[in-house]
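Trainee: This is the structure I want to talk about, given as structure tokens.
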Amino acid sequence: MTDPSLDLDLFCDEALTDPFPGYRRIRDTAPAVHLPRYDAWAMGRYADVRAALSDWESFSSARGIGLNDLANAATQGMIIATDPPEHDRLRNVLAARLSPKAIRNLREDIERRADELVEPLVAAGSFDAVNDLARAFPISIVLDLIGLPQDGRSRVLGWADAAFSASGPPGPRTDAAFPLLQDQLAYLSSIRPDQLTPGSMGRAIYDAAAAGEIRQESCVPLMSAYVTAGLDTTINAISNAVWYFSRHPEQWDLLRRDPSLIPAAFNEVLRIEAPVQFFCRVATRDVVVDGLRLAAGSRVMMLYASANRDERKWDDPERFDITRNPVDQLAFGYGMHGCAGQGLARLEGHSILGALARRVERFETGTPVRRLNQLIRGLDALPTKITPAA
Ligand code: HEM
């Protein structure tokens with residue numbers, strides 16, 4: 001039998017603007033589909049993606065999670081591109097600072113910051129939901145938590161965007177993003193541990209190295225994991241939330257009437273618009289996926305965004321419905337590499353939705369401007385007018 005194959009271009013402007021028809025073709029073709037343009041396979045069905053993510057021995061991250069050799073070499077040693085036992089050493093350092101208990105201690109501060117940010121925006125009556133709300137919030141929180149010096153902070157956001165895009169297939173978009181990934185790593189390498197706020201997440205990384213828990217060379221890659229993974233992801237989730245609620249006012253009414261729906265609503269925003277579209281794995285041996293054989297060495301895109309809209313799993317997946325409570329959606333990944341920062345991301349998302357729910361009756365959004373990135377999906381601008389709550 002010949003391998004199922006599609007000549008899909010997943011990275012042209014049209015596909016990056018609306019990737020979902022391509023994902024559907026992948027899902028409808030086979031459990032995994034060879035994409036010759038990228039010399040990679042794409043896996044798009046929920047059950048297969050989830051099973052592969054929980055089998056790190058067959059689907060390794062250590063040969064890189066991107067689609068080009070340069071980025072896979074540059075990200076070597078980053079937590080996201082490791083297997084056990086190295087992965088577990090690095091993850092332990094982050095886990096201590098991102099544990100449910102550690103996150104609980106941040107709740108009051110983050111909720112207060114959400115109120116302080118939202119109040120003047122609501123008073124103004126109109127704002128850009130991307131720049132003024134979704135970007136402003138995680139930047140202020142995450143960079144403080146990492147303890148970064150003020151100097152250089154303003155450049156961090158552009159770097160985070162590029163650090164994702166740099167892992168796309170070889171081509172002009174990757175060429176444009178790659179130098180920025182290198183700038184980010186150079187900037188992080190230039191920071192001395194004593195410049196990081198004492199007690200911060202960043203400082204804890206260097207403390208762990210000083211205590212011999214991790215190697216000194218792991219510090220910059222771990223800093224990069226925080227700076228990259230903690231920003232555009234949450235930023236896109238928050239701007240997508242405003243965009244979806246503006247187009248589904250009846251869902252906003254539901255949430256406002258019953259704020260206990262906020263966690264389910266945040267999950268539904270992540271399900272329908274996964275901020276991270278995919279990361280790759282490499283098959284360490286011949287593996288059979290739902291009857292289809294993938295040869296050892298195959299690079300496989302794990303399409304979280306497709307799995308989250310798989311008709312085989314979700315009833316009417318294109319429908320935005322905050323009452324479906326999709327706790328098992330895959331926007332945070334799954335298994336060993338499942339998002340280390342999801343507690344923090346949820347706290348940020350819930351706090352913003354809560355602050356908005358108390359003050360906003362209706363969102364009216366203009367035409368969104370999409371930001372085309374090869375790995376993450378989100379908006380660059382979303383003009384928003386609000387009707388304040390009575
Ligand atoms: C809505 C927001 C977020 C989304 C959608 C998201 C998504 C993801 C995904 C899909 C992965 C899995 C990678 C894989 O399968 O290889 C991941 C891993 C990770 N995320 Fe997040 N993330 C978010 C927020 C955050 C935040 C706020 C932080 C920290 C400040 C963070 C830190 C990490 C780290 C360190 C990893 C690597 C974990 C590992 O390899 O063991 N993320 N994230």
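Chain lettering (A, B, ...) mirrors the order of the structure tokens, residue numbering begins at 1 for each chain separately, and ligand numbering begins at 1 in order of display.
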Got a sec to tell me which of segment 229-359 of chain A DSSP assigns to strand (DSSP E or B), as a PyMOL selection string?

Mentor: chain A and resi 276+278-283+287-289+292-294+299-303

Trainee: Using only C-alpha atoms and all ligand atoms, which residues of the polymer chains come no farther than 7 Å from ligand 1? I'd like the answer as a PyMOL selection string.

Mentor: chain A and resi 53+61+65+79-81+87+91+94+142+225-226+229-231+233-234+237+270+274-276+279+331-334+336-342+344-346

Trainee: Only C-alpha atoms, please: the residues just picked out, written as a PDB file, in the first residue's frame.

Mentor:
```pdb
ATOM      1  CA  LEU A  53       1.861  12.601  22.876  1.00  0.00           C
ATOM      2  CA  SER A  61      11.183  15.424  21.204  1.00  0.00           C
ATOM      3  CA  ILE A  65      10.127  19.972  17.605  1.00  0.00           C
ATOM      4  CA  ILE A  79      13.080  21.552  27.754  1.00  0.00           C
ATOM      5  CA  ILE A  80      10.622  21.225  24.927  1.00  0.00           C
ATOM      6  CA  ALA A  81      13.258  19.427  22.843  1.00  0.00           C
ATOM      7  CA  HIS A  87      13.604  16.407  30.469  1.00  0.00           C
ATOM      8  CA  ARG A  91      10.959  20.104  34.363  1.00  0.00           C
ATOM      9  CA  LEU A  94      10.097  24.763  36.520  1.00  0.00           C
ATOM     10  CA  VAL A 142       5.315  36.964  33.164  1.00  0.00           C
ATOM     11  CA  ALA A 225      11.278  28.491  27.581  1.00  0.00           C
ATOM     12  CA  TYR A 226       9.677  30.954  30.003  1.00  0.00           C
ATOM     13  CA  ALA A 229       6.174  29.942  25.913  1.00  0.00           C
ATOM     14  CA  GLY A 230       4.683  32.278  28.468  1.00  0.00           C
ATOM     15  CA  LEU A 231       3.788  35.220  26.226  1.00  0.00           C
ATOM     16  CA  THR A 233       0.331  31.763  23.837  1.00  0.00           C
ATOM     17  CA  THR A 234      -1.628  33.526  26.569  1.00  0.00           C
ATOM     18  CA  ALA A 237      -5.875  33.094  24.049  1.00  0.00           C
ATOM     19  CA  LEU A 270      -8.461  27.227  23.626  1.00  0.00           C
ATOM     20  CA  ALA A 274      -5.481  26.522  19.810  1.00  0.00           C
ATOM     21  CA  PRO A 275      -2.747  29.186  20.114  1.00  0.00           C
ATOM     22  CA  VAL A 276       0.009  26.639  19.348  1.00  0.00           C
ATOM     23  CA  PHE A 279       4.952  20.831  17.503  1.00  0.00           C
ATOM     24  CA  ALA A 331      -4.204  23.211  23.294  1.00  0.00           C
ATOM     25  CA  PHE A 332      -1.802  22.678  26.210  1.00  0.00           C
ATOM     26  CA  GLY A 333      -0.466  19.489  24.658  1.00  0.00           C
ATOM     27  CA  TYR A 334      -0.671  16.265  26.614  1.00  0.00           C
ATOM     28  CA  MET A 336       5.099  14.511  29.613  1.00  0.00           C
ATOM     29  CA  HIS A 337       5.573  17.774  27.699  1.00  0.00           C
ATOM     30  CA  GLY A 338       2.064  19.019  28.498  1.00  0.00           C
ATOM     31  CA  CYS A 339       2.262  22.740  29.198  1.00  0.00           C
ATOM     32  CA  ALA A 340       4.202  23.428  32.388  1.00  0.00           C
ATOM     33  CA  GLY A 341       2.642  26.884  32.643  1.00  0.00           C
ATOM     34  CA  GLN A 342      -1.004  25.987  32.177  1.00  0.00           C
ATOM     35  CA  LEU A 344      -0.515  30.296  35.302  1.00  0.00           C
ATOM     36  CA  ALA A 345      -2.117  30.673  31.852  1.00  0.00           C
ATOM     37  CA  ARG A 346      -5.485  29.653  33.248  1.00  0.00           C
TER      38      ARG A 346
END
```

Trainee: Write out as a PyMOL selection string the set of residues from segment 85-279 of chain A that DSSP, computed on the backbone, places in helix (DSSP H, G or I).

Mentor: chain A and resi 86-98+100-104+107-124+129-146+153-165+172-190+193-195+201-210+216-229+232-247+249-257+259-272

Trainee: Quick one: everything within 6 Å of segment 120-134 of chain A, counting only C-alpha atoms, minus sequence neighbours fewer than 5 positions away in the same chain. Send it as a PyMOL selection string.

Mentor: chain A and resi 235+238-239+381-386

Trainee: Selected residues, C-alpha atoms, written as a PDB file, in the first residue's frame, please.

Mentor:
```
ATOM      1  CA  ILE A 235      -1.800  36.722  24.528  1.00  0.00           C
ATOM      2  CA  ILE A 238      -7.042  36.381  25.593  1.00  0.00           C
ATOM      3  CA  SER A 239      -7.523  38.215  22.294  1.00  0.00           C
ATOM      4  CA  ALA A 381      -5.042  43.975  16.258  1.00  0.00           C
ATOM      5  CA  LEU A 382      -8.689  43.806  17.223  1.00  0.00           C
ATOM      6  CA  PRO A 383     -10.469  47.176  17.400  1.00  0.00           C
ATOM      7  CA  THR A 384     -13.032  46.821  20.166  1.00  0.00           C
ATOM      8  CA  LYS A 385     -15.883  48.970  21.472  1.00  0.00           C
ATOM      9  CA  ILE A 386     -17.735  47.979  24.588  1.00  0.00           C
TER      10      ILE A 386
END
```

Trainee: Using only C-alpha atoms, which residues sit within 9 Å of Pro326 of chain A once same-chain residues fewer than 4 positions away are excluded, as a PyMOL selection string?

Mentor: chain A and resi 264-265+267-268+271+314+322

Trainee: Could you please take those selected residues and save N, CA and C atoms as a PDB file, in the first residue's frame?

Mentor:
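Saved the output as selection_31.pdb:
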```pdb
ATOM      1  N   ALA A 264     -14.617  26.835  32.082  1.00  0.00           N
ATOM      2  CA  ALA A 264     -15.088  26.097  30.906  1.00  0.00           C
ATOM      3  C   ALA A 264     -14.990  26.978  29.660  1.00  0.00           C
ATOM      4  N   ALA A 265     -15.285  28.266  29.829  1.00  0.00           N
ATOM      5  CA  ALA A 265     -15.233  29.189  28.688  1.00  0.00           C
ATOM      6  C   ALA A 265     -13.801  29.333  28.185  1.00  0.00           C
ATOM      7  N   ASN A 267     -11.408  27.153  28.451  1.00  0.00           N
ATOM      8  CA  ASN A 267     -11.085  25.899  27.745  1.00  0.00           C
ATOM      9  C   ASN A 267     -11.693  25.877  26.352  1.00  0.00           C
ATOM     10  N   GLU A 268     -12.900  26.406  26.227  1.00  0.00           N
ATOM     11  CA  GLU A 268     -13.565  26.366  24.919  1.00  0.00           C
ATOM     12  C   GLU A 268     -12.864  27.306  23.929  1.00  0.00           C
ATOM     13  N   ARG A 271      -9.893  25.421  22.893  1.00  0.00           N
ATOM     14  CA  ARG A 271     -10.235  24.288  22.013  1.00  0.00           C
ATOM     15  C   ARG A 271     -10.432  24.780  20.582  1.00  0.00           C
ATOM     16  N   TRP A 314     -15.443  15.602  18.831  1.00  0.00           N
ATOM     17  CA  TRP A 314     -16.297  16.681  19.334  1.00  0.00           C
ATOM     18  C   TRP A 314     -17.592  16.742  18.552  1.00  0.00           C
ATOM     19  N   ILE A 322     -19.691  27.495  25.357  1.00  0.00           N
ATOM     20  CA  ILE A 322     -18.931  27.465  26.622  1.00  0.00           C
ATOM     21  C   ILE A 322     -19.500  26.458  27.613  1.00  0.00           C
TER      22      ILE A 322
END
```

Trainee: Which residues are close to Ile272 of chain A, i.e. within 8 Å by only C-alpha atoms, leaving aside same-chain residues fewer than 5 positions away? Reply as a PyMOL selection string.

Mentor: chain A and resi 305+308-309+317-318+320

Trainee: Identify, on the basis of only C-alpha atoms, every residue whose closest approach to Leu303 of chain A does not exceed 12 Å; exclude the query and any residue fewer than 6 positions from it along the same chain; express the result as a PyMOL selection string.

Mentor: chain A and resi 10+19-20+22-24+26-27+31-33+41-50+52-53+274-281+309-310+330-334+375-376

Trainee: Restricting the calculation to only C-alpha atoms: of A:Trp252, A:Ala241, A:Ile141, A:Asp83, which residue gets closest to Ser58 of chain A?

Mentor: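 Looking only at the distances to Ser58 of chain A, the closest residue turns out to be A:Asp83.
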
Trainee: Which one is closest to Ala160 of chain A: A:Ala177, A:Val300, A:Glu111, A:Val227? Count only C-alpha atoms.

Mentor: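 With only C-alpha atoms as the atom set, the closest residue is A:Val227.
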
Trainee: With distances taken over only C-alpha atoms, which of A:Arg370, A:Glu57, A:Asp207, A:Asn68 is nearest to Pro85 of chain A?

Mentor: A:Glu57

Trainee: If you measure from atom CA of Arg362 of chain A to atom CA of Thr387 of chain A, what distance in Å do you get, rounded to one decimal?

Mentor: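 Straight-line distance from atom CA of Arg362 of chain A to atom CA of Thr387 of chain A works out to 5.0 Å.
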
Trainee: Please identify all polymer residues within 10 Å of Thr75 of chain A, counting only C-alpha atoms, omitting same-chain residues fewer than 3 positions from it, and present them as a PyMOL selection string.

Mentor: chain A and resi 62-66+69-72+78-82+163+167+181+185+221+224-225

Trainee: Please dump the current selection as a compact mmCIF listing (two decimals), in the first residue's frame; keep all heavy atoms.

Mentor:
```
# COMPACT_ATOMS: atom_id res chain seq x y z
N ALA A 62 13.55 14.88 21.37
CA ALA A 62 14.97 15.24 21.50
C ALA A 62 15.64 15.56 20.16
O ALA A 62 16.71 16.15 20.14
CB ALA A 62 15.73 14.11 22.21
N ARG A 63 14.98 15.22 19.05
CA ARG A 63 15.56 15.60 17.76
C ARG A 63 14.92 16.88 17.22
O ARG A 63 14.97 17.18 16.04
CB ARG A 63 15.42 14.45 16.75
CG ARG A 63 16.52 13.42 16.99
CD ARG A 63 16.47 12.32 15.96
NE ARG A 63 16.08 11.06 16.57
CZ ARG A 63 15.86 9.94 15.89
NH1 ARG A 63 15.99 9.93 14.59
NH2 ARG A 63 15.52 8.84 16.51
N GLY A 64 14.30 17.62 18.13
CA GLY A 64 13.75 18.92 17.75
C GLY A 64 12.27 18.86 17.47
O GLY A 64 11.76 17.83 16.99
N ILE A 65 11.59 19.96 17.76
CA ILE A 65 10.13 19.97 17.60
C ILE A 65 9.71 20.83 16.40
O ILE A 65 8.53 21.10 16.20
CB ILE A 65 9.43 20.45 18.90
CG1 ILE A 65 10.07 21.73 19.47
CG2 ILE A 65 9.48 19.37 19.96
CD1 ILE A 65 9.87 22.96 18.72
N GLY A 66 10.70 21.26 15.60
CA GLY A 66 10.38 22.11 14.46
C GLY A 66 10.55 21.40 13.13
O GLY A 66 10.84 20.20 13.08
N ASP A 69 16.26 22.15 10.13
CA ASP A 69 17.43 21.67 10.87
C ASP A 69 18.06 22.75 11.74
O ASP A 69 18.51 22.50 12.85
CB ASP A 69 18.48 21.12 9.90
CG ASP A 69 17.98 19.88 9.19
OD1 ASP A 69 17.01 19.27 9.69
OD2 ASP A 69 18.54 19.55 8.12
N LEU A 70 18.10 24.00 11.20
CA LEU A 70 18.75 25.08 11.95
C LEU A 70 18.06 25.29 13.29
O LEU A 70 18.69 25.37 14.34
CB LEU A 70 18.68 26.38 11.16
CG LEU A 70 19.86 26.74 10.28
CD1 LEU A 70 19.61 28.10 9.64
CD2 LEU A 70 21.15 26.77 11.11
N ALA A 71 16.72 25.43 13.24
CA ALA A 71 15.98 25.68 14.48
C ALA A 71 16.08 24.46 15.40
O ALA A 71 16.23 24.60 16.62
CB ALA A 71 14.52 25.99 14.18
N ASN A 72 16.05 23.28 14.81
CA ASN A 72 16.15 22.09 15.67
C ASN A 72 17.51 22.02 16.37
O ASN A 72 17.60 21.59 17.52
CB ASN A 72 15.88 20.81 14.86
CG ASN A 72 14.41 20.69 14.49
OD1 ASN A 72 13.55 21.24 15.19
ND2 ASN A 72 14.12 20.01 13.40
N MET A 78 16.72 22.83 25.03
CA MET A 78 15.54 23.48 25.60
C MET A 78 14.61 22.38 26.08
O MET A 78 14.48 21.33 25.42
CB MET A 78 14.82 24.34 24.56
CG MET A 78 15.60 25.60 24.23
SD MET A 78 14.62 26.72 23.24
CE MET A 78 15.89 27.90 22.76
N ILE A 79 13.90 22.61 27.15
CA ILE A 79 13.08 21.55 27.75
C ILE A 79 12.15 20.89 26.75
O ILE A 79 11.96 19.68 26.74
CB ILE A 79 12.29 22.10 28.98
CG1 ILE A 79 11.45 20.99 29.59
CG2 ILE A 79 11.45 23.29 28.63
CD1 ILE A 79 10.85 21.35 30.94
N ILE A 80 11.61 21.72 25.88
CA ILE A 80 10.62 21.23 24.93
C ILE A 80 11.24 20.24 23.93
O ILE A 80 10.54 19.44 23.32
CB ILE A 80 10.03 22.46 24.24
CG1 ILE A 80 8.65 22.16 23.74
CG2 ILE A 80 10.90 23.04 23.20
CD1 ILE A 80 7.89 23.38 23.39
N ALA A 81 12.56 20.29 23.80
CA ALA A 81 13.26 19.43 22.84
C ALA A 81 14.14 18.41 23.55
O ALA A 81 15.25 18.12 23.13
CB ALA A 81 14.08 20.28 21.88
N THR A 82 13.64 17.89 24.66
CA THR A 82 14.41 16.86 25.39
C THR A 82 13.51 15.66 25.69
O THR A 82 12.29 15.77 25.69
CB THR A 82 14.92 17.38 26.76
OG1 THR A 82 13.80 17.87 27.50
CG2 THR A 82 15.95 18.46 26.61
N ALA A 163 10.55 33.38 17.86
CA ALA A 163 11.08 32.10 18.34
C ALA A 163 10.15 30.96 17.94
O ALA A 163 10.61 29.85 17.66
CB ALA A 163 11.27 32.13 19.85
N SER A 167 10.62 27.89 13.86
CA SER A 167 10.57 26.42 13.77
C SER A 167 9.72 25.93 12.61
O SER A 167 9.42 24.74 12.51
CB SER A 167 10.06 25.83 15.08
OG SER A 167 11.07 25.91 16.06
N LEU A 181 15.42 34.80 16.90
CA LEU A 181 15.59 33.75 17.91
C LEU A 181 17.02 33.83 18.47
O LEU A 181 17.24 33.74 19.68
CB LEU A 181 15.33 32.37 17.28
CG LEU A 181 15.74 31.14 18.10
CD1 LEU A 181 14.94 31.05 19.40
CD2 LEU A 181 15.52 29.85 17.31
N LEU A 185 18.35 34.62 22.35
CA LEU A 185 19.29 33.79 23.12
C LEU A 185 20.51 34.61 23.53
O LEU A 185 21.02 34.47 24.65
CB LEU A 185 19.70 32.56 22.30
CG LEU A 185 18.54 31.58 22.03
CD1 LEU A 185 18.97 30.46 21.07
CD2 LEU A 185 18.03 30.96 23.34
N PRO A 221 18.62 28.16 27.96
CA PRO A 221 17.46 27.51 27.33
C PRO A 221 16.21 27.49 28.21
O PRO A 221 15.10 27.65 27.72
CB PRO A 221 17.95 26.08 27.07
CG PRO A 221 19.43 26.17 27.00
CD PRO A 221 19.83 27.31 27.90
N SER A 224 14.72 30.83 28.15
CA SER A 224 14.06 31.01 26.85
C SER A 224 12.69 30.32 26.84
O SER A 224 11.74 30.82 26.23
CB SER A 224 14.98 30.46 25.76
OG SER A 224 14.30 30.34 24.57
N ALA A 225 12.58 29.18 27.52
CA ALA A 225 11.28 28.49 27.58
C ALA A 225 10.24 29.40 28.23
O ALA A 225 9.12 29.54 27.75
CB ALA A 225 11.40 27.18 28.36
```

Trainee: In Å, how far is it from atom CA of Met223 of chain A to atom CA of Ile146 of chain A?

Mentor: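 We find that atom CA of Met223 of chain A and atom CA of Ile146 of chain A lie 8.0 Å from each other.
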